[in-house]
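K.L.:
Sharing upload_25.cif here; it has mmCIF, C-alpha atoms and all ligand atoms.
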```cif
data_run
loop_
_atom_site.label_atom_id
_atom_site.label_comp_id
_atom_site.auth_asym_id
_atom_site.auth_seq_id
_atom_site.Cartn_x
_atom_site.Cartn_y
_atom_site.Cartn_z
CA MET A 49 114.86 78.42 94.97
CA ALA A 50 118.25 79.57 96.26
CA LEU A 51 118.99 82.73 98.20
CA ILE A 52 121.86 84.82 96.83
CA VAL A 53 123.33 87.93 98.49
CA GLN A 54 124.61 90.40 95.89
CA LYS A 55 126.90 93.20 97.07
CA PHE A 56 127.83 96.17 94.89
CA GLY A 57 130.92 98.20 95.74
CA GLY A 58 131.43 101.93 95.37
CA THR A 59 133.26 101.47 92.09
CA SER A 60 130.16 99.86 90.60
CA LEU A 61 127.82 102.59 91.87
CA GLY A 62 129.71 105.68 90.73
CA ASN A 63 126.78 107.35 88.95
CA GLY A 64 123.15 106.88 87.95
CA GLU A 65 123.99 104.84 84.88
CA ARG A 66 126.11 102.42 86.89
CA ILE A 67 123.41 102.02 89.53
CA GLN A 68 121.02 101.23 86.69
CA ARG A 69 123.38 98.53 85.38
CA ALA A 70 123.76 97.06 88.86
CA ALA A 71 119.96 96.95 89.19
CA GLU A 72 119.82 95.00 85.92
CA ARG A 73 122.19 92.40 87.39
CA VAL A 74 119.83 92.03 90.34
CA ALA A 75 116.77 91.70 88.13
CA ALA A 76 118.61 89.08 86.03
CA GLU A 77 119.39 87.01 89.14
CA ARG A 78 115.71 87.17 90.12
CA ARG A 79 114.70 86.00 86.64
CA GLN A 80 116.89 82.91 87.19
CA GLY A 81 114.39 82.08 89.92
CA ASN A 82 116.60 82.97 92.89
CA GLU A 83 115.72 85.11 95.88
CA VAL A 84 118.07 88.06 96.22
CA VAL A 85 119.18 90.30 99.08
CA VAL A 86 121.20 93.30 97.86
CA VAL A 87 123.88 95.10 99.88
CA VAL A 88 125.33 98.38 98.62
CA SER A 89 128.31 100.60 99.45
CA ALA A 90 128.27 104.35 99.09
CA MET A 91 128.96 105.83 95.65
CA GLY A 92 132.67 105.60 94.82
CA GLY A 93 134.68 108.31 96.58
CA GLU A 94 131.75 109.43 98.76
CA THR A 95 133.07 108.07 102.07
CA ASP A 96 136.41 109.83 101.46
CA ARG A 97 134.58 113.04 100.58
CA LEU A 98 132.62 112.89 103.83
CA LEU A 99 135.78 112.20 105.83
CA GLY A 100 137.38 115.22 104.16
CA LEU A 101 134.47 117.44 105.19
CA ALA A 102 134.74 116.23 108.78
CA GLY A 103 138.48 116.92 108.67
CA GLU A 104 137.85 120.54 107.67
CA LEU A 105 135.93 121.11 110.87
CA SER A 106 137.70 118.94 113.38
CA GLU A 107 141.17 117.44 113.67
CA ARG A 108 139.78 114.44 115.55
CA PRO A 109 136.05 114.23 114.84
CA PRO A 110 134.06 112.68 117.71
CA PRO A 111 133.58 109.00 116.73
CA ARG A 112 129.80 109.04 117.21
CA GLU A 113 129.35 112.03 114.92
CA ARG A 114 131.80 110.67 112.36
CA ASP A 115 129.83 107.42 112.09
CA GLN A 116 126.55 109.33 111.87
CA LEU A 117 128.05 111.27 108.95
CA LEU A 118 129.70 108.36 107.12
CA ALA A 119 126.56 106.22 107.22
CA THR A 120 124.76 108.77 105.01
CA GLY A 121 126.75 107.57 101.98
CA GLU A 122 125.02 104.19 101.96
CA GLN A 123 121.61 105.74 102.66
CA VAL A 124 121.83 107.46 99.28
CA THR A 125 122.59 104.29 97.34
CA ILE A 126 119.98 102.03 98.99
CA SER A 127 117.17 104.35 97.97
CA LEU A 128 118.53 104.95 94.45
CA MET A 129 119.00 101.21 93.94
CA ALA A 130 115.45 100.47 95.16
CA MET A 131 114.10 103.10 92.75
CA ALA A 132 116.10 101.65 89.85
CA LEU A 133 114.77 98.16 90.60
CA ARG A 134 111.18 99.40 90.76
CA GLU A 135 111.66 101.03 87.34
CA LEU A 136 112.62 97.59 86.03
CA GLY A 137 109.37 96.18 87.38
CA GLN A 138 111.12 94.45 90.28
CA GLY A 139 109.64 95.14 93.71
CA ALA A 140 112.28 96.44 96.12
CA ARG A 141 112.55 98.10 99.52
CA SER A 142 115.54 99.90 101.04
CA PHE A 143 116.76 99.25 104.61
CA THR A 144 119.28 101.18 106.69
CA GLY A 145 121.27 99.17 109.22
CA ALA A 146 118.89 100.27 111.97
CA GLN A 147 115.83 99.31 109.94
CA VAL A 148 116.98 95.70 109.46
CA PRO A 149 118.19 95.90 112.32
CA ILE A 150 121.85 94.92 112.14
CA ARG A 151 122.87 95.09 115.80
CA THR A 152 126.48 95.92 116.65
CA ASP A 153 128.57 96.82 119.68
CA THR A 154 129.41 100.48 120.31
CA ALA A 155 132.96 100.52 118.92
CA TYR A 156 132.42 103.44 116.53
CA GLY A 157 134.44 103.20 113.34
CA ARG A 158 135.16 99.49 113.78
CA ALA A 159 131.95 98.08 115.23
CA ARG A 160 131.35 94.35 115.28
CA ILE A 161 128.08 92.78 114.22
CA VAL A 162 126.40 91.07 117.18
CA GLU A 163 123.08 90.03 115.67
CA ILE A 164 121.08 90.40 112.49
CA GLU A 165 117.28 90.25 112.78
CA GLN A 166 115.77 88.55 109.76
CA GLU A 167 112.06 89.22 110.18
CA ALA A 168 111.79 92.40 108.12
CA LEU A 169 114.03 91.07 105.37
CA ARG A 170 112.16 87.76 105.21
CA SER A 171 108.78 89.43 104.91
CA CYS A 172 110.14 91.62 102.11
CA LEU A 173 111.38 88.49 100.31
CA ASP A 174 108.04 86.73 100.90
CA GLU A 175 106.31 89.56 99.01
CA GLY A 176 108.57 88.78 96.04
CA SER A 177 110.51 92.00 96.67
CA VAL A 178 114.25 92.58 96.94
CA PRO A 179 115.52 94.04 100.22
CA VAL A 180 118.29 96.58 99.51
CA VAL A 181 120.44 96.84 102.65
CA ALA A 182 122.93 99.59 103.48
CA GLY A 183 126.37 98.08 103.90
CA PHE A 184 129.02 99.25 106.37
CA GLN A 185 126.53 100.36 109.05
CA GLY A 186 124.69 99.01 112.04
CA VAL A 187 122.94 100.13 115.18
CA ALA A 188 124.33 100.09 118.74
CA PRO A 189 122.23 99.04 121.75
CA GLU A 190 121.29 102.66 122.58
CA GLY A 191 120.17 103.27 119.00
CA ASP A 192 123.24 105.13 117.74
CA VAL A 193 124.49 104.56 114.20
CA THR A 194 127.79 102.67 113.98
CA THR A 195 130.11 101.80 111.07
CA LEU A 196 132.16 98.65 110.55
CA GLY A 197 135.47 100.05 109.27
CA ARG A 198 136.58 100.89 105.73
CA GLY A 199 135.44 98.37 103.17
CA GLY A 200 132.84 97.19 105.72
CA SER A 201 130.06 96.60 103.19
CA ASP A 202 131.82 93.35 102.29
CA THR A 203 131.36 92.26 105.90
CA THR A 204 127.69 93.27 105.92
CA ALA A 205 127.13 91.12 102.82
CA VAL A 206 128.91 88.04 104.16
CA ALA A 207 127.26 88.37 107.58
CA LEU A 208 123.83 88.56 105.97
CA ALA A 209 124.64 85.57 103.79
CA ALA A 210 125.73 83.60 106.86
CA ALA A 211 122.73 84.61 108.98
CA MET A 212 120.21 83.89 106.21
CA GLU A 213 122.01 80.74 105.07
CA ALA A 214 122.41 82.03 101.53
CA GLU A 215 123.76 79.70 98.88
CA GLU A 216 126.47 82.15 97.82
CA CYS A 217 127.55 85.71 98.46
CA HIS A 218 128.47 87.60 95.27
CA ILE A 219 130.74 90.63 95.57
CA TYR A 220 130.47 92.82 92.45
CA THR A 221 133.36 95.17 91.83
CA ASP A 222 135.45 96.78 89.08
CA VAL A 223 137.63 93.70 88.52
CA ASP A 224 136.32 90.32 87.37
CA GLY A 225 137.86 88.35 90.22
CA VAL A 226 140.84 87.96 92.52
CA TYR A 227 144.10 88.23 90.59
CA THR A 228 147.57 86.88 91.29
CA THR A 229 148.39 90.46 92.26
CA ASP A 230 146.82 93.93 91.91
CA PRO A 231 146.13 94.20 88.16
CA ARG A 232 146.63 97.97 88.39
CA ILE A 233 150.30 97.29 89.13
CA VAL A 234 150.91 94.19 87.02
CA PRO A 235 148.77 94.08 83.87
CA GLU A 236 149.94 90.47 83.25
CA ALA A 237 148.33 89.32 86.50
CA ARG A 238 145.97 86.36 86.05
CA ARG A 239 142.52 85.83 87.45
CA LEU A 240 142.29 82.93 89.91
CA GLY A 241 139.37 80.57 89.31
CA ARG A 242 139.34 79.53 92.96
CA ILE A 243 141.20 80.45 96.08
CA THR A 244 140.99 79.03 99.62
CA PHE A 245 139.58 81.04 102.55
CA GLU A 246 142.94 80.62 104.22
CA GLU A 247 144.89 82.20 101.37
CA MET A 248 142.35 84.98 100.92
CA ILE A 249 142.54 85.82 104.64
CA GLU A 250 146.31 86.16 104.33
CA LEU A 251 146.09 88.23 101.14
CA ALA A 252 143.46 90.53 102.64
CA SER A 253 145.36 90.99 105.89
CA LEU A 254 148.56 91.71 103.93
CA GLY A 255 147.02 94.53 101.93
CA THR A 256 144.98 93.08 99.06
CA LYS A 257 142.03 95.42 99.11
CA VAL A 258 139.60 93.56 96.90
CA LEU A 259 137.81 92.18 99.99
CA GLN A 260 137.75 93.39 103.60
CA ILE A 261 139.59 90.98 105.87
CA ARG A 262 136.76 90.64 108.37
CA ALA A 263 134.46 89.61 105.55
CA VAL A 264 136.79 86.76 104.57
CA GLU A 265 137.24 85.65 108.19
CA PHE A 266 133.48 85.58 108.61
CA ALA A 267 133.03 83.64 105.37
CA GLY A 268 135.65 81.09 106.44
CA LYS A 269 134.16 80.69 109.89
CA TYR A 270 130.62 80.11 108.66
CA GLY A 271 131.56 78.40 105.39
CA VAL A 272 129.86 80.96 103.15
CA PRO A 273 131.09 80.55 99.56
CA VAL A 274 132.02 84.01 98.26
CA ARG A 275 132.36 84.88 94.59
CA ILE A 276 134.11 88.04 93.40
CA ARG A 277 132.68 89.16 90.05
CA SER A 278 132.71 92.09 87.68
CA ALA A 279 129.76 94.45 87.93
CA PHE A 280 130.17 95.26 84.26
CA GLU A 281 130.57 91.96 82.47
CA GLU A 282 129.40 88.37 82.76
CA GLY A 283 131.81 85.71 83.96
CA PRO A 284 132.47 83.16 86.67
CA GLY A 285 134.73 85.44 88.73
CA THR A 286 136.75 83.93 91.57
CA LEU A 287 135.22 81.51 94.06
CA ILE A 288 136.60 81.68 97.59
CA THR A 289 136.00 78.35 99.22
CA VAL A 290 137.43 75.48 101.26
CA GLU A 291 140.53 73.69 100.01
CA ASP A 292 139.73 70.58 98.02
CA ALA A 293 141.71 67.91 96.23
CA ALA A 294 140.61 69.08 92.78
CA MET A 295 142.18 72.50 93.18
CA GLU A 296 145.25 73.02 91.06
CA LYS A 297 148.12 73.46 93.46
CA ALA A 298 150.22 76.53 92.83
CA LEU A 299 153.37 77.05 94.83
CA VAL A 300 152.47 80.70 95.29
CA SER A 301 148.90 81.89 94.71
CA GLY A 302 149.30 85.61 94.98
CA ILE A 303 151.38 88.63 95.91
CA ALA A 304 150.07 91.34 98.23
CA HIS A 305 151.50 94.75 98.92
CA ASN A 306 150.72 97.18 101.70
CA GLU A 307 151.78 100.80 101.72
CA ASP A 308 149.71 101.83 104.72
CA GLU A 309 152.26 100.98 107.42
CA ALA A 310 155.19 102.75 109.05
CA LYS A 311 158.28 101.42 110.80
CA VAL A 312 159.41 102.36 114.30
CA THR A 313 162.90 101.51 115.61
CA ILE A 314 164.21 101.88 119.13
CA ILE A 315 168.00 101.77 119.13
CA GLY A 316 170.23 100.67 121.99
CA VAL A 317 167.67 99.18 124.36
CA PRO A 318 169.10 97.42 127.44
CA ASP A 319 168.70 93.68 126.82
CA ARG A 320 166.63 92.73 129.87
CA PRO A 321 163.19 91.27 130.61
CA GLY A 322 160.18 93.57 130.29
CA ILE A 323 161.38 95.76 127.43
CA ALA A 324 159.10 94.35 124.72
CA HIS A 325 156.22 94.60 127.15
CA ALA A 326 157.00 98.21 128.04
CA VAL A 327 157.09 99.26 124.39
CA VAL A 328 154.31 97.18 122.86
CA GLY A 329 152.13 97.64 125.95
CA ALA A 330 152.32 101.43 125.66
CA VAL A 331 151.33 101.26 121.98
CA SER A 332 148.51 98.75 122.46
CA GLN A 333 147.02 100.86 125.24
CA GLU A 334 146.20 103.46 122.60
CA ASN A 335 144.45 100.75 120.57
CA VAL A 336 147.17 100.80 117.92
CA ASN A 337 147.85 97.43 116.27
CA VAL A 338 151.49 96.42 116.26
CA ASP A 339 152.31 94.23 113.28
CA MET A 340 155.78 92.86 112.40
CA ILE A 341 158.17 92.84 115.36
CA ILE A 342 161.91 92.24 115.24
CA GLN A 343 164.42 92.30 118.04
CA ASN A 344 168.10 92.06 117.10
CA GLN A 345 170.91 90.84 119.28
CA GLY A 346 173.12 93.88 119.71
CA GLU A 347 176.46 94.49 121.40
CA HIS A 348 177.32 95.05 125.06
CA GLY A 349 173.95 93.95 126.41
CA LYS A 350 171.97 96.27 124.13
CA THR A 351 169.51 95.41 121.38
CA ASP A 352 167.50 97.16 118.67
CA PHE A 353 163.74 96.78 118.63
CA THR A 354 161.78 97.39 115.42
CA PHE A 355 158.08 97.03 114.60
CA THR A 356 155.45 98.31 112.20
CA VAL A 357 152.20 100.19 112.92
CA PRO A 358 149.43 101.62 110.71
CA ARG A 359 150.81 104.74 109.03
CA SER A 360 147.85 106.78 110.26
CA ASP A 361 149.04 106.09 113.83
CA TYR A 362 152.74 106.82 113.22
CA ARG A 363 152.85 110.34 114.73
CA LEU A 364 150.81 109.25 117.73
CA VAL A 365 153.13 106.27 118.34
CA MET A 366 156.31 108.36 118.02
CA ASP A 367 154.93 110.91 120.52
CA LEU A 368 153.88 108.33 123.05
CA LEU A 369 157.13 106.36 122.82
CA GLU A 370 159.36 109.32 123.58
CA PRO A 371 158.83 109.18 127.37
CA VAL A 372 158.85 105.36 127.28
CA CYS A 373 162.29 105.42 125.60
CA ARG A 374 163.64 107.73 128.31
CA GLU A 375 162.27 105.43 130.98
CA ILE A 376 163.84 102.26 129.54
CA GLU A 377 167.07 104.17 128.82
CA ALA A 378 167.09 103.56 125.07
CA GLU A 379 169.66 105.42 122.99
CA ALA A 380 167.44 106.67 120.19
CA LEU A 381 163.99 106.50 118.62
CA THR A 382 163.75 106.59 114.82
CA GLY A 383 161.34 105.45 112.15
CA SER A 384 160.13 105.73 108.59
CA GLU A 385 156.78 106.29 106.97
CA ARG A 386 158.15 105.42 103.56
CA ILE A 387 158.02 101.65 103.69
CA ALA A 388 156.09 98.96 101.85
CA LYS A 389 155.34 95.42 102.90
CA ILE A 390 155.43 92.88 100.07
CA SER A 391 154.15 89.34 100.70
CA VAL A 392 153.96 86.12 98.73
CA VAL A 393 151.12 83.80 99.78
CA GLY A 394 150.28 80.22 98.93
CA VAL A 395 149.18 76.98 100.61
CA GLY A 396 151.64 75.24 98.25
CA MET A 397 154.49 76.68 100.32
CA ARG A 398 153.77 74.12 103.04
CA ASN A 399 155.29 71.32 101.02
CA HIS A 400 158.04 73.17 99.20
CA ALA A 401 161.31 74.59 100.36
CA GLY A 402 162.95 77.33 98.34
CA VAL A 403 160.19 79.94 98.19
CA ALA A 404 161.95 82.30 100.61
CA ASP A 405 165.23 81.87 98.78
CA LEU A 406 163.72 82.66 95.37
CA MET A 407 162.07 85.72 96.90
CA PHE A 408 165.29 87.03 98.46
CA GLU A 409 167.32 86.26 95.34
CA THR A 410 164.87 88.12 93.12
CA LEU A 411 164.89 91.20 95.34
CA SER A 412 168.67 91.22 95.58
CA ARG A 413 168.99 90.96 91.79
CA GLU A 414 166.90 94.13 91.57
CA GLY A 415 169.11 95.82 94.17
CA ILE A 416 166.24 96.04 96.68
CA ASN A 417 167.33 95.96 100.30
CA ILE A 418 165.18 93.94 102.72
CA GLN A 419 164.58 95.78 106.01
CA MET A 420 162.42 93.23 107.83
CA ILE A 421 161.23 89.66 107.23
CA ALA A 422 158.30 87.74 108.68
CA THR A 423 157.08 84.28 107.79
CA SER A 424 154.19 81.96 108.55
CA GLU A 425 153.23 78.58 107.18
CA ILE A 426 151.71 79.99 104.00
CA LYS A 427 153.30 83.42 103.57
CA ILE A 428 156.58 85.33 103.51
CA SER A 429 156.55 89.10 104.00
CA VAL A 430 159.35 91.60 103.60
CA VAL A 431 159.52 95.30 104.34
CA VAL A 432 161.34 97.41 101.73
CA ASP A 433 161.71 101.10 100.92
CA GLN A 434 158.40 102.32 99.51
CA LYS A 435 160.03 103.55 96.32
CA TYR A 436 160.74 99.93 95.34
CA ALA A 437 157.23 98.62 96.06
CA GLU A 438 156.04 98.30 92.48
CA LEU A 439 159.37 96.99 91.21
CA ALA A 440 159.34 94.36 93.95
CA VAL A 441 155.79 93.24 93.13
CA ARG A 442 156.52 93.09 89.38
CA SER A 443 159.79 91.20 89.68
CA LEU A 444 158.37 88.68 92.17
CA HIS A 445 155.31 88.14 89.97
CA GLU A 446 157.65 87.29 87.12
CA ALA A 447 160.03 85.18 89.21
CA PHE A 448 157.19 82.98 90.50
CA GLU A 449 155.79 82.82 86.94
CA LEU A 450 152.38 83.98 88.08
CA ASP A 451 151.71 85.34 84.60
CA LYS A 452 151.58 81.75 83.29
CA PRO A 453 148.95 79.02 83.78
CA ILE A 454 149.91 76.75 86.69
CA SER A 455 150.67 73.82 84.36
CA ASP A 456 153.30 75.88 82.50
CA ARG A 457 155.18 76.97 85.60
CA ASN A 458 158.63 75.68 86.33
CA HIS A 459 158.15 74.77 89.99
CA ILE A 460 161.24 75.09 92.14
CA HIS A 461 162.31 72.01 94.08
P1 LIG B 501 134.75 98.19 95.69
O1 LIG B 501 134.53 99.64 95.55
O2 LIG B 501 133.94 97.40 94.71
O3 LIG B 501 134.61 97.68 97.09
P2 LIG B 501 137.64 97.95 95.94
O4 LIG B 501 138.39 99.13 95.47
O5 LIG B 501 137.43 97.78 97.42
O6 LIG B 501 136.23 97.93 95.18
O7 LIG B 501 138.32 96.61 95.39
C1 LIG B 501 138.59 96.44 94.01
C2 LIG B 501 140.03 96.81 93.69
O8 LIG B 501 140.94 95.95 94.38
C3 LIG B 501 140.41 96.64 92.23
O9 LIG B 501 140.12 97.78 91.48
C4 LIG B 501 141.91 96.31 92.28
O10 LIG B 501 142.72 97.38 91.83
C5 LIG B 501 142.19 96.08 93.75
N1 LIG B 501 143.01 94.88 93.95
C6 LIG B 501 144.14 94.84 94.70
N2 LIG B 501 144.69 93.63 94.67
C7 LIG B 501 143.89 92.85 93.88
C8 LIG B 501 143.93 91.48 93.47
N3 LIG B 501 144.90 90.65 93.86
N4 LIG B 501 142.93 91.02 92.67
C9 LIG B 501 141.94 91.84 92.28
N5 LIG B 501 141.85 93.15 92.63
C10 LIG B 501 142.81 93.67 93.42
N1 LIG B 502 131.68 103.11 101.91
C1 LIG B 502 132.56 102.46 102.85
C2 LIG B 502 134.01 102.70 102.47
O1 LIG B 502 134.30 103.40 101.52
C3 LIG B 502 132.28 100.99 102.97
C4 LIG B 502 132.56 100.18 101.74
O2 LIG B 502 132.74 100.73 100.66
O3 LIG B 502 132.60 98.96 101.86
O4 LIG B 502 134.88 102.23 103.17
MG MG B 503 135.86 97.37 98.76
#
```
What is this file in structure tokens?
P.N.:
Amino acid sequence: MALIVQKFGGTSLGNGERIQRAAERVAAERRQGNEVVVVVSAMGGETDRLLGLAGELSERPPPRERDQLLATGEQVTISLMAMALRELGQGARSFTGAQVPIRTDTAYGRARIVEIEQEALRSCLDEGSVPVVAGFQGVAPEGDVTTLGRGGSDTTAVALAAAMEAEECHIYTDVDGVYTTDPRIVPEARRLGRITFEEMIELASLGTKVLQIRAVEFAGKYGVPVRIRSAFEEGPGTLITVEDAAMEKALVSGIAHNEDEAKVTIIGVPDRPGIAHAVVGAVSQENVNVDMIIQNQGEHGKTDFTFTVPRSDYRLVMDLLEPVCREIEAEALTGSERIAKISVVGVGMRNHAGVADLMFETLSREGINIQMIATSEIKISVVVDQKYAELAVRSLHEAFELDKPISDRNHIH
């Protein structure tokens, strides 16, 4: 008998009827003879609704209270799911993060899981019941409720699968797998049968929202096979796993886009040691993540310094850099919130030259100006004006022939 963790996302739990259908998937897995632990998100849109309510009352809600509030979304769905399962004749018991307990640190809003106690879940399984665990939440040492960051139910599911040594972790959502790019933007996108942890980590960190990045990192670290599947129809989905020789090798596996970042440029900075530290240090001190960084060689001993930050932190960063710019005697501070980062990802890039060139050629043919470039072994990212984001994704998808089966693609040499 294998243990399977099944996670249902908000899109698959939008109303009573959908919760009922999700419960039927759980009961079906049990009938196959497997033990099942279920993890649920809040109903679709609920977490945003709660955040909106908090925003009406407070510009910066206290983190402890915000987490206390947000965790209620998942408390609704665990109990409804347990009820639906019981109606189907399947024993089930709901668990909040604190009832498991899923122990975390105290970093409200982005807490990290420290330990998962298995006793309560195991005894539920031993009774033949299905534990239904609230995703996205945990409990801090003093007993306060914490949350794991947006999309955090994915991480709860993978962490449980790792801790309980589950055979596979199934993530049920409104698409039937991981596609070559967001199918909402490119209807011709193809479902990938398999993808490596490494590629999925890149895609997730570059803006592909089908799976939270921490969940993929966790899965890679502990070797938990993760399968993305449709909550509404049968099918194999996409298996995220280690690279093996049998995998068909695509040059590029997928295209990610991220429209949640903003660009900050400091113009005319004296070209001397300590400048990057002064700027990035000031930003990091406020716990803001700096992403792409570019420093250009300017004229007369001056340079320009450009980097990206989460768009939600843009105002904060501009405010805090004003005095820093005066101090380092920079000429001007500018920026833009209207940018998009477009990335092509693939382990196949390691052995092929020409990917960057095809990317740049395609964008130039469409008249899209590239503002920033960053590369790593298996990805190339560019920053462009946000108004070209969809055009860029579509034209790159076509240029790399991602709409065709791998065997029909005309690989560049
Ligand atoms: P859930 O509520 O189940 O957690 P999410 O909204 O977090 O669902 O993730 C599913 C969505 O991810 C899909 O509806 C799809 O639009 C989006 N998505 C973005 N990029 C991709 C991709 N490459 N493959 C599949 N889905 C993608
Ligand atoms: N409900 C939370 C969110 O909307 C967690 C999740 O869905 O994974 O971010
Ligand atoms: Mg999600």
K.L.:
If the limit is 7 Å from any atom of ligand LIG 502 (chain B), counting only C-alpha atoms and all ligand atoms, which residues qualify? Return them as a count of residues only.
P.N.:
17
K.L.:
Just the residues within 12 Å of Pro109 of chain A, please, counting all atoms listed in the file, with nothing from its chain fewer than 5 positions along; format it as a PyMOL selection string.
P.N.:
chain A and resi 98-104+114-118+156-157
K.L.:
I want to know what sits within 7 Å of Ile303 of chain A, based on only C-alpha atoms, with residues of the same chain fewer than 6 positions away left out; could you give that as an MDAnalysis selection string?
P.N.:
chainID A and resid 228:229 391:393 441
K.L.:
Around ligand LIG 501 (chain B), at most 10 Å away and counting all atoms listed in the file, which residues are there? Put them as JSON, numbers by chain, please.
P.N.:
{"A": [55, 56, 57, 58, 59, 60, 61, 62, 88, 89, 90, 91, 92, 93, 198, 199, 200, 201, 202, 219, 220, 221, 222, 223, 224, 225, 226, 227, 228, 229, 230, 231, 232, 233, 234, 237, 238, 239, 240, 248, 251, 252, 255, 256, 257, 258, 259, 260, 276, 277, 278, 279, 286, 301, 302, 303, 304, 305, 306]}
K.L.:
Rounded to one decimal in Å, what is the spacing between atom CA of Ala50 of chain A and atom CA of Gly271 of chain A?
P.N.:
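A separation of 16.2 Å between them.
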K.L.:
Tell me, as a PDB file with C-alpha atoms, in the frame of the given file, which residues lie within 12 Å of Cys172 of chain A, counting only C-alpha atoms; anything in the same chain fewer than 2 positions away does not count.
P.N.:
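Okay, this is what ended up in part-v2.pdb:
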```pdb
ATOM      1  CA  GLU A  83     115.720  85.110  95.880  1.00  0.00           C
ATOM      2  CA  VAL A  84     118.070  88.060  96.220  1.00  0.00           C
ATOM      3  CA  VAL A  85     119.180  90.300  99.080  1.00  0.00           C
ATOM      4  CA  VAL A  86     121.200  93.300  97.860  1.00  0.00           C
ATOM      5  CA  GLY A 139     109.640  95.140  93.710  1.00  0.00           C
ATOM      6  CA  ALA A 140     112.280  96.440  96.120  1.00  0.00           C
ATOM      7  CA  ARG A 141     112.550  98.100  99.520  1.00  0.00           C
ATOM      8  CA  SER A 142     115.540  99.900 101.040  1.00  0.00           C
ATOM      9  CA  PHE A 143     116.760  99.250 104.610  1.00  0.00           C
ATOM     10  CA  VAL A 148     116.980  95.700 109.460  1.00  0.00           C
ATOM     11  CA  GLN A 166     115.770  88.550 109.760  1.00  0.00           C
ATOM     12  CA  GLU A 167     112.060  89.220 110.180  1.00  0.00           C
ATOM     13  CA  ALA A 168     111.790  92.400 108.120  1.00  0.00           C
ATOM     14  CA  LEU A 169     114.030  91.070 105.370  1.00  0.00           C
ATOM     15  CA  ARG A 170     112.160  87.760 105.210  1.00  0.00           C
ATOM     16  CA  ASP A 174     108.040  86.730 100.900  1.00  0.00           C
ATOM     17  CA  GLU A 175     106.310  89.560  99.010  1.00  0.00           C
ATOM     18  CA  GLY A 176     108.570  88.780  96.040  1.00  0.00           C
ATOM     19  CA  SER A 177     110.510  92.000  96.670  1.00  0.00           C
ATOM     20  CA  VAL A 178     114.250  92.580  96.940  1.00  0.00           C
ATOM     21  CA  PRO A 179     115.520  94.040 100.220  1.00  0.00           C
ATOM     22  CA  VAL A 180     118.290  96.580  99.510  1.00  0.00           C
ATOM     23  CA  VAL A 181     120.440  96.840 102.650  1.00  0.00           C
TER      24      VAL A 181
END
```
K.L.:
Between A:Ala263, A:Glu250, A:Phe280, A:Val162, which has the minimum distance to ligand MG 503 (chain B) (counting all atoms listed in the file)?
P.N.:
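Closest candidate: A:Ala263.
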K.L.:
So the first atom is atom CA of Val338 of chain A and the second is atom CA of Val274 of chain A; what is the distance between them in Å, to one decimal place?
P.N.:
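Calculated distance between atom CA of Val338 of chain A and atom CA of Val274 of chain A is 29.3 Å.
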K.L.:
Pick out the closest residue to Val87 of chain A from this set: A:Thr154, A:Gln147, A:Ser171, A:Thr204. Count only C-alpha atoms.
P.N.:
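Using only C-alpha atoms, the shortest distance to Val87 of chain A belongs to A:Thr204.
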K.L.:
Could you tell me how far atom CA of Ile150 of chain A lies from atom CA of Ile126 of chain A, in Å and to one decimal?
P.N.:
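Interatomic distance here is 15.1 Å.
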K.L.:
Which residue, A:Gly241, A:Val430, A:Val395, A:Thr203, has the smallest gap to ligand MG 503 (chain B) when you use all atoms listed in the file?
P.N.:
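For ligand MG 503 (chain B), the nearest of the given residues is A:Thr203.
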K.L.:
I'd like to know which of A:Ala298, A:Leu364, A:Pro321, A:Arg398 is closest to Asp456 of chain A, using only C-alpha atoms.
P.N.:
A:Ala298
K.L.:
Which is closest to Phe245 of chain A among A:Gly191, A:Ser332, A:Gly394, A:Leu444, if we use only C-alpha atoms?
P.N.:
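Counting only C-alpha atoms, the residue closest to Phe245 of chain A is A:Gly394.
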K.L.:
Report as a ChimeraX atom specification all protein, DNA and RNA residues lying within 7 Å of segment 369-384 of chain A, evaluated on only C-alpha atoms, omitting residues in the same chain fewer than 4 positions from it.
P.N.:
/A:310-318,327,365
K.L.:
When you count all atoms listed in the file, which of these residues is closest to ligand MG 503 (chain B): A:Ile67, A:Leu173, A:Ala440, A:Ala205?
P.N.:
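Looking at the shortest contact to ligand MG 503 (chain B), the residue is A:Ala205.
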K.L.:
What residues have an atom no more than 7 Å from (169.9, 90.8, 126.4) in the file's own frame, counting only C-alpha atoms, and can you write them as a PyMOL selection string?
P.N.:
chain A and resi 318-320+349-351
